[in-house]
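What follows is coords_19.pdb (PDB, C-alpha atoms and all ligand atoms).
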```
ATOM      1  CA  MET A   1     158.326 133.607  76.521
ATOM      2  CA  MET A   2     157.646 133.328  80.260
ATOM      3  CA  GLY A   3     154.056 133.812  81.354
ATOM      4  CA  ARG A   4     152.597 134.190  77.862
ATOM      5  CA  ALA A   5     150.913 131.477  75.843
ATOM      6  CA  PRO A   6     152.875 130.686  72.676
ATOM      7  CA  ARG A   7     151.157 132.167  69.660
ATOM      8  CA  ALA A   8     149.784 129.975  66.908
ATOM      9  CA  LEU A   9     151.550 130.101  63.559
ATOM     10  CA  LEU A  10     150.297 127.175  61.463
ATOM     11  CA  THR A  11     146.765 126.037  62.296
ATOM     12  CA  VAL A  12     145.421 123.031  60.390
ATOM     13  CA  ARG A  13     141.858 121.926  61.134
ATOM     14  CA  ASP A  14     139.854 118.970  59.817
ATOM     15  CA  LEU A  15     142.251 118.445  56.904
ATOM     16  CA  THR A  16     140.853 115.812  54.583
ATOM     17  CA  ALA A  17     142.798 115.058  51.440
ATOM     18  CA  GLY A  18     143.729 112.291  49.050
ATOM     19  CA  ARG A  19     145.304 111.496  45.738
ATOM     20  CA  GLY A  20     144.032 109.710  42.640
ATOM     21  CA  CYS A  21     144.056 106.467  44.640
ATOM     22  CA  GLY A  22     141.520 107.787  47.162
ATOM     23  CA  ARG A  23     141.316 109.557  50.503
ATOM     24  CA  ILE A  24     144.499 109.448  52.622
ATOM     25  CA  LEU A  25     143.914 112.019  55.402
ATOM     26  CA  SER A  26     140.629 112.340  57.284
ATOM     27  CA  GLY A  27     139.892 115.220  59.646
ATOM     28  CA  LEU A  28     143.469 115.935  60.703
ATOM     29  CA  ASP A  29     144.260 118.750  63.196
ATOM     30  CA  LEU A  30     147.795 120.089  63.673
ATOM     31  CA  ASP A  31     149.432 123.235  65.077
ATOM     32  CA  VAL A  32     152.865 124.784  64.916
ATOM     33  CA  ARG A  33     153.444 127.740  67.224
ATOM     34  CA  ARG A  34     155.936 130.549  66.783
ATOM     35  CA  ASN A  35     159.501 129.501  67.626
ATOM     36  CA  GLU A  36     158.625 125.828  67.656
ATOM     37  CA  ILE A  37     160.143 122.788  65.994
ATOM     38  CA  VAL A  38     157.391 120.229  65.502
ATOM     39  CA  ALA A  39     157.895 116.683  64.208
ATOM     40  CA  LEU A  40     155.500 114.506  62.247
ATOM     41  CA  VAL A  41     156.622 110.946  62.876
ATOM     42  CA  GLY A  42     155.321 107.573  61.790
ATOM     43  CA  PRO A  43     156.072 104.621  59.560
ATOM     44  CA  PRO A  44     156.352 104.780  55.756
ATOM     45  CA  GLY A  45     152.936 105.383  54.231
ATOM     46  CA  ALA A  46     151.464 106.945  57.398
ATOM     47  CA  GLY A  47     150.618 110.143  55.490
ATOM     48  CA  LYS A  48     153.337 112.590  56.569
ATOM     49  CA  THR A  49     154.200 113.671  53.019
ATOM     50  CA  THR A  50     150.518 113.988  52.169
ATOM     51  CA  VAL A  51     150.029 116.410  55.091
ATOM     52  CA  MET A  52     152.930 118.559  53.898
ATOM     53  CA  GLU A  53     151.827 118.524  50.263
ATOM     54  CA  ALA A  54     148.255 119.445  51.205
ATOM     55  CA  VAL A  55     149.452 122.283  53.471
ATOM     56  CA  ALA A  56     151.847 123.513  50.745
ATOM     57  CA  GLY A  57     149.047 123.513  48.153
ATOM     58  CA  LEU A  58     150.643 120.786  46.033
ATOM     59  CA  ILE A  59     147.622 118.540  46.381
ATOM     60  CA  ARG A  60     144.125 119.898  46.768
ATOM     61  CA  SER A  61     142.331 119.197  50.021
ATOM     62  CA  GLU A  62     138.686 118.049  50.008
ATOM     63  CA  ARG A  63     137.854 119.684  53.313
ATOM     64  CA  GLY A  64     139.377 121.599  56.214
ATOM     65  CA  THR A  65     141.302 124.825  56.757
ATOM     66  CA  VAL A  66     144.965 125.840  56.759
ATOM     67  CA  ARG A  67     145.986 129.162  58.322
ATOM     68  CA  LEU A  68     149.421 130.738  58.736
ATOM     69  CA  GLY A  69     149.160 133.490  61.349
ATOM     70  CA  ASP A  70     146.253 135.648  60.195
ATOM     71  CA  ALA A  71     146.361 134.445  56.585
ATOM     72  CA  ASP A  72     143.918 131.833  55.302
ATOM     73  CA  LEU A  73     145.911 129.542  52.976
ATOM     74  CA  THR A  74     143.108 127.054  52.386
ATOM     75  CA  ARG A  75     143.197 125.890  48.775
ATOM     76  CA  LEU A  76     145.449 128.744  47.629
ATOM     77  CA  PRO A  77     147.807 127.805  44.772
ATOM     78  CA  ALA A  78     151.289 126.717  45.901
ATOM     79  CA  GLU A  79     153.084 129.870  44.694
ATOM     80  CA  ARG A  80     150.781 132.108  46.748
ATOM     81  CA  ILE A  81     151.342 129.931  49.801
ATOM     82  CA  VAL A  82     155.129 130.364  49.422
ATOM     83  CA  ALA A  83     154.606 134.119  49.083
ATOM     84  CA  ARG A  84     152.696 134.125  52.399
ATOM     85  CA  GLY A  85     155.779 132.720  54.144
ATOM     86  CA  LEU A  86     155.454 128.946  54.071
ATOM     87  CA  ALA A  87     158.371 127.120  52.397
ATOM     88  CA  TYR A  88     158.624 123.386  51.692
ATOM     89  CA  VAL A  89     161.642 121.124  51.130
ATOM     90  CA  PRO A  90     160.373 117.884  49.550
ATOM     91  CA  ALA A  91     162.087 114.546  50.200
ATOM     92  CA  ASP A  92     163.619 114.511  46.710
ATOM     93  CA  LEU A  93     164.915 118.093  47.252
ATOM     94  CA  CYS A  94     164.057 119.282  43.689
ATOM     95  CA  LEU A  95     167.374 121.086  43.225
ATOM     96  CA  PHE A  96     168.382 122.314  39.781
ATOM     97  CA  ASP A  97     171.365 119.964  39.368
ATOM     98  CA  GLY A  98     172.699 121.732  36.267
ATOM     99  CA  LEU A  99     172.838 125.117  38.031
ATOM    100  CA  THR A 100     175.366 126.253  40.618
ATOM    101  CA  VAL A 101     174.661 126.426  44.317
ATOM    102  CA  ALA A 102     174.518 130.247  44.080
ATOM    103  CA  GLU A 103     172.014 130.049  41.220
ATOM    104  CA  ASN A 104     169.864 127.596  43.170
ATOM    105  CA  LEU A 105     169.892 129.927  46.173
ATOM    106  CA  ARG A 106     168.933 132.961  44.071
ATOM    107  CA  LEU A 107     165.974 131.031  42.650
ATOM    108  CA  GLY A 108     164.646 130.658  46.195
ATOM    109  CA  ALA A 109     164.524 134.423  46.717
ATOM    110  CA  ARG A 110     161.580 136.639  45.972
ATOM    111  CA  ARG A 111     163.715 139.594  44.781
ATOM    112  CA  PRO A 112     165.803 139.949  41.599
ATOM    113  CA  ARG A 113     169.239 140.545  43.207
ATOM    114  CA  PRO A 114     169.067 138.861  46.582
ATOM    115  CA  ASP A 115     171.731 139.100  49.276
ATOM    116  CA  LEU A 116     173.045 135.578  49.927
ATOM    117  CA  GLU A 117     174.881 136.571  53.120
ATOM    118  CA  PRO A 118     172.122 136.000  55.732
ATOM    119  CA  VAL A 119     171.491 132.482  54.451
ATOM    120  CA  LEU A 120     175.230 131.736  54.133
ATOM    121  CA  GLY A 121     175.521 132.831  57.769
ATOM    122  CA  LEU A 122     173.038 130.085  58.643
ATOM    123  CA  PHE A 123     174.651 127.457  56.396
ATOM    124  CA  PRO A 124     178.377 128.342  56.330
ATOM    125  CA  VAL A 125     179.344 125.119  54.516
ATOM    126  CA  LEU A 126     177.737 126.511  51.346
ATOM    127  CA  GLY A 127     180.060 129.533  51.335
ATOM    128  CA  GLY A 128     182.806 127.405  49.772
ATOM    129  CA  ARG A 129     180.448 125.725  47.315
ATOM    130  CA  LEU A 130     178.751 128.656  45.584
ATOM    131  CA  GLY A 131     180.317 127.990  42.162
ATOM    132  CA  ARG A 132     179.811 124.217  42.251
ATOM    133  CA  LEU A 133     177.006 122.566  40.315
ATOM    134  CA  ALA A 134     174.312 121.445  42.753
ATOM    135  CA  GLY A 135     174.346 118.021  41.068
ATOM    136  CA  SER A 136     178.010 117.539  42.043
ATOM    137  CA  LEU A 137     177.479 118.006  45.789
ATOM    138  CA  PRO A 138     177.484 115.044  48.179
ATOM    139  CA  HIS A 139     174.006 114.104  49.396
ATOM    140  CA  GLY A 140     174.292 115.800  52.801
ATOM    141  CA  GLU A 141     175.274 119.115  51.195
ATOM    142  CA  ARG A 142     172.474 118.782  48.631
ATOM    143  CA  ARG A 143     170.032 118.635  51.529
ATOM    144  CA  VAL A 144     171.649 121.693  53.133
ATOM    145  CA  CYS A 145     171.450 123.497  49.765
ATOM    146  CA  ALA A 146     167.731 122.699  49.464
ATOM    147  CA  MET A 147     167.091 123.961  53.001
ATOM    148  CA  ALA A 148     169.105 127.109  52.284
ATOM    149  CA  ARG A 149     167.212 127.751  49.038
ATOM    150  CA  ALA A 150     163.930 127.470  50.958
ATOM    151  CA  MET A 151     165.254 129.951  53.554
ATOM    152  CA  MET A 152     166.111 132.542  50.872
ATOM    153  CA  GLY A 153     162.491 133.707  50.826
ATOM    154  CA  GLY A 154     162.575 134.461  54.568
ATOM    155  CA  PRO A 155     159.749 132.045  55.446
ATOM    156  CA  ARG A 156     157.846 132.141  58.730
ATOM    157  CA  LEU A 157     157.533 128.350  58.607
ATOM    158  CA  LEU A 158     159.832 125.823  56.939
ATOM    159  CA  MET A 159     158.442 122.334  56.270
ATOM    160  CA  ILE A 160     161.042 119.644  55.579
ATOM    161  CA  ASP A 161     160.076 116.150  54.467
ATOM    162  CA  ASP A 162     162.109 113.021  55.344
ATOM    163  CA  VAL A 163     164.750 115.197  56.900
ATOM    164  CA  SER A 164     167.387 112.533  57.642
ATOM    165  CA  HIS A 165     166.674 110.296  54.647
ATOM    166  CA  GLY A 166     169.851 108.944  53.034
ATOM    167  CA  LEU A 167     172.192 110.875  55.351
ATOM    168  CA  ALA A 168     175.217 109.421  57.128
ATOM    169  CA  PRO A 169     174.902 109.675  60.953
ATOM    170  CA  LYS A 170     177.321 112.633  61.231
ATOM    171  CA  ASN A 171     175.344 114.494  58.573
ATOM    172  CA  VAL A 172     172.096 113.771  60.436
ATOM    173  CA  ASP A 173     173.556 115.483  63.529
ATOM    174  CA  GLU A 174     174.644 118.448  61.400
ATOM    175  CA  VAL A 175     171.218 118.827  59.764
ATOM    176  CA  MET A 176     169.509 118.597  63.168
ATOM    177  CA  ARG A 177     171.757 121.400  64.452
ATOM    178  CA  TYR A 178     170.729 123.501  61.451
ATOM    179  CA  LEU A 179     167.083 123.075  62.466
ATOM    180  CA  GLY A 180     167.896 124.700  65.811
ATOM    181  CA  ASP A 181     169.709 127.541  64.026
ATOM    182  CA  ILE A 182     166.746 128.047  61.667
ATOM    183  CA  ARG A 183     164.395 128.322  64.638
ATOM    184  CA  ALA A 184     166.781 130.764  66.354
ATOM    185  CA  SER A 185     166.688 132.936  63.204
ATOM    186  CA  GLY A 186     162.910 133.330  63.643
ATOM    187  CA  THR A 187     161.557 130.602  61.348
ATOM    188  CA  SER A 188     159.467 127.811  62.877
ATOM    189  CA  VAL A 189     159.995 124.269  61.589
ATOM    190  CA  LEU A 190     157.687 121.345  60.788
ATOM    191  CA  LEU A 191     159.657 118.223  59.910
ATOM    192  CA  ALA A 192     158.608 114.757  58.777
ATOM    193  CA  GLU A 193     160.801 111.908  59.860
ATOM    194  CA  GLN A 194     160.700 108.116  60.017
ATOM    195  CA  GLU A 195     163.496 107.899  62.608
ATOM    196  CA  VAL A 196     161.502 108.763  65.700
ATOM    197  CA  GLU A 197     164.374 109.166  68.142
ATOM    198  CA  THR A 198     166.162 111.477  65.700
ATOM    199  CA  ALA A 199     163.078 113.671  65.334
ATOM    200  CA  LEU A 200     162.395 113.805  69.061
ATOM    201  CA  SER A 201     166.001 114.786  69.791
ATOM    202  CA  VAL A 202     165.394 118.165  68.135
ATOM    203  CA  ALA A 203     161.620 118.762  68.242
ATOM    204  CA  ASP A 204     159.643 120.562  70.947
ATOM    205  CA  ARG A 205     156.474 118.620  70.148
ATOM    206  CA  ALA A 206     155.504 115.725  67.938
ATOM    207  CA  TYR A 207     152.492 114.200  66.222
ATOM    208  CA  VAL A 208     152.546 110.447  65.653
ATOM    209  CA  MET A 209     150.749 109.452  62.447
ATOM    210  CA  ALA A 210     149.412 106.062  61.341
ATOM    211  CA  GLY A 211     146.974 105.274  58.552
ATOM    212  CA  GLY A 212     146.439 108.919  57.596
ATOM    213  CA  ALA A 213     145.494 110.066  61.118
ATOM    214  CA  VAL A 214     147.196 111.509  64.187
ATOM    215  CA  VAL A 215     147.231 108.715  66.779
ATOM    216  CA  ALA A 216     149.236 110.482  69.518
ATOM    217  CA  SER A 217     150.703 113.905  70.159
ATOM    218  CA  GLY A 218     152.545 115.731  72.894
ATOM    219  CA  THR A 219     155.828 117.237  73.922
ATOM    220  CA  ALA A 220     158.933 115.443  72.707
ATOM    221  CA  GLY A 221     159.956 114.869  76.326
ATOM    222  CA  ARG A 222     156.675 113.078  77.055
ATOM    223  CA  MET A 223     156.903 111.018  73.854
ATOM    224  CA  LEU A 224     160.381 109.882  74.776
ATOM    225  CA  THR A 225     159.493 108.842  78.315
ATOM    226  CA  ASP A 226     155.852 107.624  78.194
ATOM    227  CA  PRO A 227     156.139 103.802  78.145
ATOM    228  CA  ARG A 228     152.756 103.338  76.408
ATOM    229  CA  ILE A 229     153.579 105.756  73.602
ATOM    230  CA  ARG A 230     157.050 104.265  73.258
ATOM    231  CA  SER A 231     155.786 100.698  72.921
ATOM    232  CA  GLU A 232     152.568 101.325  70.962
ATOM    233  CA  TYR A 233     153.649 103.993  68.521
ATOM    234  CA  LEU A 234     157.393 104.337  68.508
ATOM    235  CA  GLY A 235     158.258 100.645  68.324
ATOM    236  CA  VAL A 236     160.583 100.945  71.327
ATOM    237  CA  LEU A 237     160.341  98.169  73.897
TER     238      LEU A 237
HETATM  239  N1  LIG A 301     152.051 109.854  44.373
HETATM  240  C1  LIG A 301     151.223 108.997  44.981
HETATM  241  N2  LIG A 301     150.203 108.409  44.301
HETATM  242  C2  LIG A 301     149.361 107.584  44.918
HETATM  243  N3  LIG A 301     149.427 107.246  46.212
HETATM  244  C3  LIG A 301     150.406 107.778  46.923
HETATM  245  C4  LIG A 301     151.372 108.687  46.362
HETATM  246  N4  LIG A 301     152.227 109.065  47.335
HETATM  247  C5  LIG A 301     151.816 108.409  48.454
HETATM  248  N5  LIG A 301     150.738 107.645  48.204
HETATM  249  C6  LIG A 301     150.020 106.814  49.189
HETATM  250  O1  LIG A 301     149.528 107.686  50.199
HETATM  251  C7  LIG A 301     149.645 107.095  51.485
HETATM  252  C8  LIG A 301     150.411 108.043  52.386
HETATM  253  O2  LIG A 301     151.750 108.185  51.867
HETATM  254  P1  LIG A 301     152.728 109.346  52.343
HETATM  255  O3  LIG A 301     153.840 109.398  51.330
HETATM  256  O4  LIG A 301     151.967 110.578  52.612
HETATM  257  O5  LIG A 301     153.266 108.719  53.711
HETATM  258  P2  LIG A 301     154.577 109.079  54.516
HETATM  259  O6  LIG A 301     154.201 108.918  55.947
HETATM  260  O7  LIG A 301     155.107 110.395  54.088
HETATM  261  O8  LIG A 301     155.606 107.962  54.077
HETATM  262  P3  LIG A 301     157.226 108.077  53.945
HETATM  263  O9  LIG A 301     157.731 108.119  55.360
HETATM  264  O10 LIG A 301     157.577 106.804  53.218
HETATM  265  O11 LIG A 301     157.542 109.315  53.171
HETATM  266  C9  LIG A 301     150.318 105.738  51.278
HETATM  267  O12 LIG A 301     149.299 104.758  51.252
HETATM  268  C10 LIG A 301     150.951 105.862  49.921
HETATM  269  O13 LIG A 301     151.007 104.605  49.269
END
```
What is this structure when it is put down as structure tokens?
Amino acid sequence: MMGRAPRALLTVRDLTAGRGCGRILSGLDLDVRRNEIVALVGPPGAGKTTVMEAVAGLIRSERGTVRLGDADLTRLPAERIVARGLAYVPADLCLFDGLTVAENLRLGARRPRPDLEPVLGLFPVLGGRLGRLAGSLPHGERRVCAMARAMMGGPRLLMIDDVSHGLAPKNVDEVMRYLGDIRASGTSVLLAEQEVETALSVADRAYVMAGGAVVASGTAGRMLTDPRIRSEYLGVL
């Protein structure tokens, strides 16, 4: 919106979290504003999944705060975080393979007899797959199904881990286009991605992670053109 500062949606401050093996994130700050697509990029093991799981309430943080709009999500259980409007698509998708696509979508809704039409409007490819078992879909469509299931609850923010993982190049382009459509429908997006150029092609802003910390951040345009960031953090000579 011209002349008005973009409003904060997700505000993460001083996030410090680990797993059984010890502390992974220390004092991490991150923001997603309304109508933004934000990318978390970095090599395997940098901590991108850990950020998403801590924000989604799947692992407990030691310290720090997580807010979504006016709501304080800090250390709420995962199901209450989803109910506040924050949905998460994990890298392994967690579809119910023995249920149909339609049944998977209904499970993502927060009402007993949900209308599938708005989400099918966003992901038209699923319209012809509703009666198929989710386990029988090709990998690209499984990812679309998982994104669609997450959208059934009408989230304000959708977090998607390893968004292009295992996809053929044409399916990567398709999934990236869906991210733009999701944003246009009013849901902001936080994605984690190892393929930096892929992430920056769709994101407004990005955070580069290494060793559990944010080591650079800025607009995608700056990330793509700044020679220091390209050589030091993105591995592009
Ligand atoms: N389930 C787990 N148990 C113990 N340690 C883990 C677990 N998952 C990740 N880790 C460790 O936590 C650190 C951060 O991993 P994380 O998966 O958050 O990174 P990532 O940037 O998402 O990597 P990728 O791009 O491969 O998904 C790594 O050192 C990793 O070995």
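For the point (158.9, 114.8, 49.7) in file coordinates, the residues within 9 Å, using all atoms listed in the file, are Thr49, Thr50, Met52, Glu53, Tyr88, Val89, Pro90, Ala91, Asp92, Leu93, Ile160, Asp161 and Asp162 of chain A.
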Expected selection as an MDAnalysis selection string for ligand LIG 301 (chain A) within 7 Å, all atoms listed in the file: chainID A and resid 19:21 24 42:51 162 193:194 212
Shell around region 62-72 of chain A at 10 Å using only C-alpha atoms, local window under 5 positions removed, as a PyMOL selection string: chain A and resi 7-18+23+25-34+54-57+81+84-86+156-157
Selection dump of the PyMOL selection byres (((chain A and resi 98-100) around 10) and not hetatm), as number ranges by chain: A: 95-97, 101-106, 129-137
Of the listed residues A:Ala83, A:Leu116, A:Ala39, A:Ala206, that which approaches Leu179 (chain A) most closely, counting only C-alpha atoms: A:Ala39
Expansion of the PyMOL selection byres (((chain A and resi 184) around 12) and not hetatm) into residues, as a ChimeraX atom specification: /A:34-37,122,156,177-183,185-189
Chain and number of each residue from the PyMOL selection byres (((chain A and resi 214-226) around 8) and not hetatm), as an MDAnalysis selection string: chainID A and resid 28:29 197 200:201 203:210 212:213 227:230 233
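Between CA of Gly154 (chain A) and CA of Leu73 (chain A) the interatomic distance comes to 17.4 Å.
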Might I get the box with edges along x, y and z of the file that holds all atoms of region 105-113 of chain A listed there, padded by 8 Å on every side, given as centre and edge lengths in Å to one decimal, as JSON?
```
{"center_x": 165.7, "center_y": 135.2, "center_z": 44.2, "size_x": 24.3, "size_y": 26.6, "size_z": 21.1}
```
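For the atom pair formed by CA of Ala87 (chain A) and CA of Leu107 (chain A), the distance is 13.0 Å, given to one decimal.
What separates CA of Met176 (chain A) from CA of Ile59 (chain A) is a distance of 27.6 Å.
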Place a sphere of radius 6 Å on (167.9, 117.9, 58.9) in the file coordinates and name every protein, DNA or RNA residue with an atom inside or on its surface, counting all atoms listed in the file; give the answer as a PDB file with C-alpha atoms, in the frame of the given file.
```pdb
ATOM      1  CA  VAL A 163     164.750 115.197  56.900  1.00  0.00           C
ATOM      2  CA  SER A 164     167.387 112.533  57.642  1.00  0.00           C
ATOM      3  CA  VAL A 175     171.218 118.827  59.764  1.00  0.00           C
ATOM      4  CA  MET A 176     169.509 118.597  63.168  1.00  0.00           C
TER       5      MET A 176
END
```
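Remark: for Gly128 (chain A), the closest of the candidate residues A:Glu141, A:Val202, A:Met152, A:Arg60 is A:Glu141 (distances computed over all atoms listed in the file).
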Can I get region 150-170 of chain A with N, CA and C atoms filled in, as a PDB file, in the coordinates of the input?
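Output below, filename out16.pdb:
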```
ATOM      1  N   ALA A 150     165.255 127.189  50.390  1.00  0.00           N
ATOM      2  CA  ALA A 150     163.930 127.470  50.958  1.00  0.00           C
ATOM      3  C   ALA A 150     163.990 128.658  51.918  1.00  0.00           C
ATOM      4  N   MET A 151     165.130 128.843  52.598  1.00  0.00           N
ATOM      5  CA  MET A 151     165.254 129.951  53.554  1.00  0.00           C
ATOM      6  C   MET A 151     165.476 131.297  52.871  1.00  0.00           C
ATOM      7  N   MET A 152     165.834 131.287  51.583  1.00  0.00           N
ATOM      8  CA  MET A 152     166.111 132.542  50.872  1.00  0.00           C
ATOM      9  C   MET A 152     164.890 133.452  50.817  1.00  0.00           C
ATOM     10  N   GLY A 153     163.697 132.875  50.870  1.00  0.00           N
ATOM     11  CA  GLY A 153     162.491 133.707  50.826  1.00  0.00           C
ATOM     12  C   GLY A 153     162.096 134.245  52.198  1.00  0.00           C
ATOM     13  N   GLY A 154     162.896 133.977  53.228  1.00  0.00           N
ATOM     14  CA  GLY A 154     162.575 134.461  54.568  1.00  0.00           C
ATOM     15  C   GLY A 154     161.256 133.922  55.092  1.00  0.00           C
ATOM     16  N   PRO A 155     161.056 132.585  55.038  1.00  0.00           N
ATOM     17  CA  PRO A 155     159.749 132.045  55.446  1.00  0.00           C
ATOM     18  C   PRO A 155     159.500 132.176  56.945  1.00  0.00           C
ATOM     19  N   ARG A 156     158.225 132.184  57.307  1.00  0.00           N
ATOM     20  CA  ARG A 156     157.846 132.141  58.730  1.00  0.00           C
ATOM     21  C   ARG A 156     157.827 130.699  59.207  1.00  0.00           C
ATOM     22  N   LEU A 157     157.543 129.784  58.274  1.00  0.00           N
ATOM     23  CA  LEU A 157     157.533 128.350  58.607  1.00  0.00           C
ATOM     24  C   LEU A 157     158.240 127.589  57.496  1.00  0.00           C
ATOM     25  N   LEU A 158     159.149 126.698  57.897  1.00  0.00           N
ATOM     26  CA  LEU A 158     159.832 125.823  56.939  1.00  0.00           C
ATOM     27  C   LEU A 158     159.366 124.396  57.196  1.00  0.00           C
ATOM     28  N   MET A 159     158.820 123.751  56.163  1.00  0.00           N
ATOM     29  CA  MET A 159     158.442 122.334  56.270  1.00  0.00           C
ATOM     30  C   MET A 159     159.484 121.511  55.536  1.00  0.00           C
ATOM     31  N   ILE A 160     159.992 120.474  56.185  1.00  0.00           N
ATOM     32  CA  ILE A 160     161.042 119.644  55.579  1.00  0.00           C
ATOM     33  C   ILE A 160     160.608 118.186  55.662  1.00  0.00           C
ATOM     34  N   ASP A 161     160.515 117.545  54.495  1.00  0.00           N
ATOM     35  CA  ASP A 161     160.076 116.150  54.467  1.00  0.00           C
ATOM     36  C   ASP A 161     161.281 115.218  54.588  1.00  0.00           C
ATOM     37  N   ASP A 162     161.089 114.089  55.251  1.00  0.00           N
ATOM     38  CA  ASP A 162     162.109 113.021  55.344  1.00  0.00           C
ATOM     39  C   ASP A 162     163.492 113.591  55.619  1.00  0.00           C
ATOM     40  N   VAL A 163     163.590 114.315  56.715  1.00  0.00           N
ATOM     41  CA  VAL A 163     164.750 115.197  56.900  1.00  0.00           C
ATOM     42  C   VAL A 163     166.083 114.453  56.979  1.00  0.00           C
ATOM     43  N   SER A 164     166.097 113.230  57.524  1.00  0.00           N
ATOM     44  CA  SER A 164     167.387 112.533  57.642  1.00  0.00           C
ATOM     45  C   SER A 164     167.578 111.470  56.568  1.00  0.00           C
ATOM     46  N   HIS A 165     166.646 111.387  55.623  1.00  0.00           N
ATOM     47  CA  HIS A 165     166.674 110.296  54.647  1.00  0.00           C
ATOM     48  C   HIS A 165     167.984 110.270  53.848  1.00  0.00           C
ATOM     49  N   GLY A 166     168.640 109.121  53.853  1.00  0.00           N
ATOM     50  CA  GLY A 166     169.851 108.944  53.034  1.00  0.00           C
ATOM     51  C   GLY A 166     171.090 109.615  53.586  1.00  0.00           C
ATOM     52  N   LEU A 167     171.021 110.176  54.803  1.00  0.00           N
ATOM     53  CA  LEU A 167     172.192 110.875  55.351  1.00  0.00           C
ATOM     54  C   LEU A 167     173.023 109.947  56.236  1.00  0.00           C
ATOM     55  N   ALA A 168     174.338 110.112  56.192  1.00  0.00           N
ATOM     56  CA  ALA A 168     175.217 109.421  57.128  1.00  0.00           C
ATOM     57  C   ALA A 168     174.969 109.997  58.525  1.00  0.00           C
ATOM     58  N   PRO A 169     175.222 109.195  59.595  1.00  0.00           N
ATOM     59  CA  PRO A 169     174.902 109.675  60.953  1.00  0.00           C
ATOM     60  C   PRO A 169     175.502 111.042  61.283  1.00  0.00           C
ATOM     61  N   LYS A 170     176.744 111.329  60.859  1.00  0.00           N
ATOM     62  CA  LYS A 170     177.321 112.633  61.231  1.00  0.00           C
ATOM     63  C   LYS A 170     176.594 113.771  60.498  1.00  0.00           C
TER      64      LYS A 170
END
```
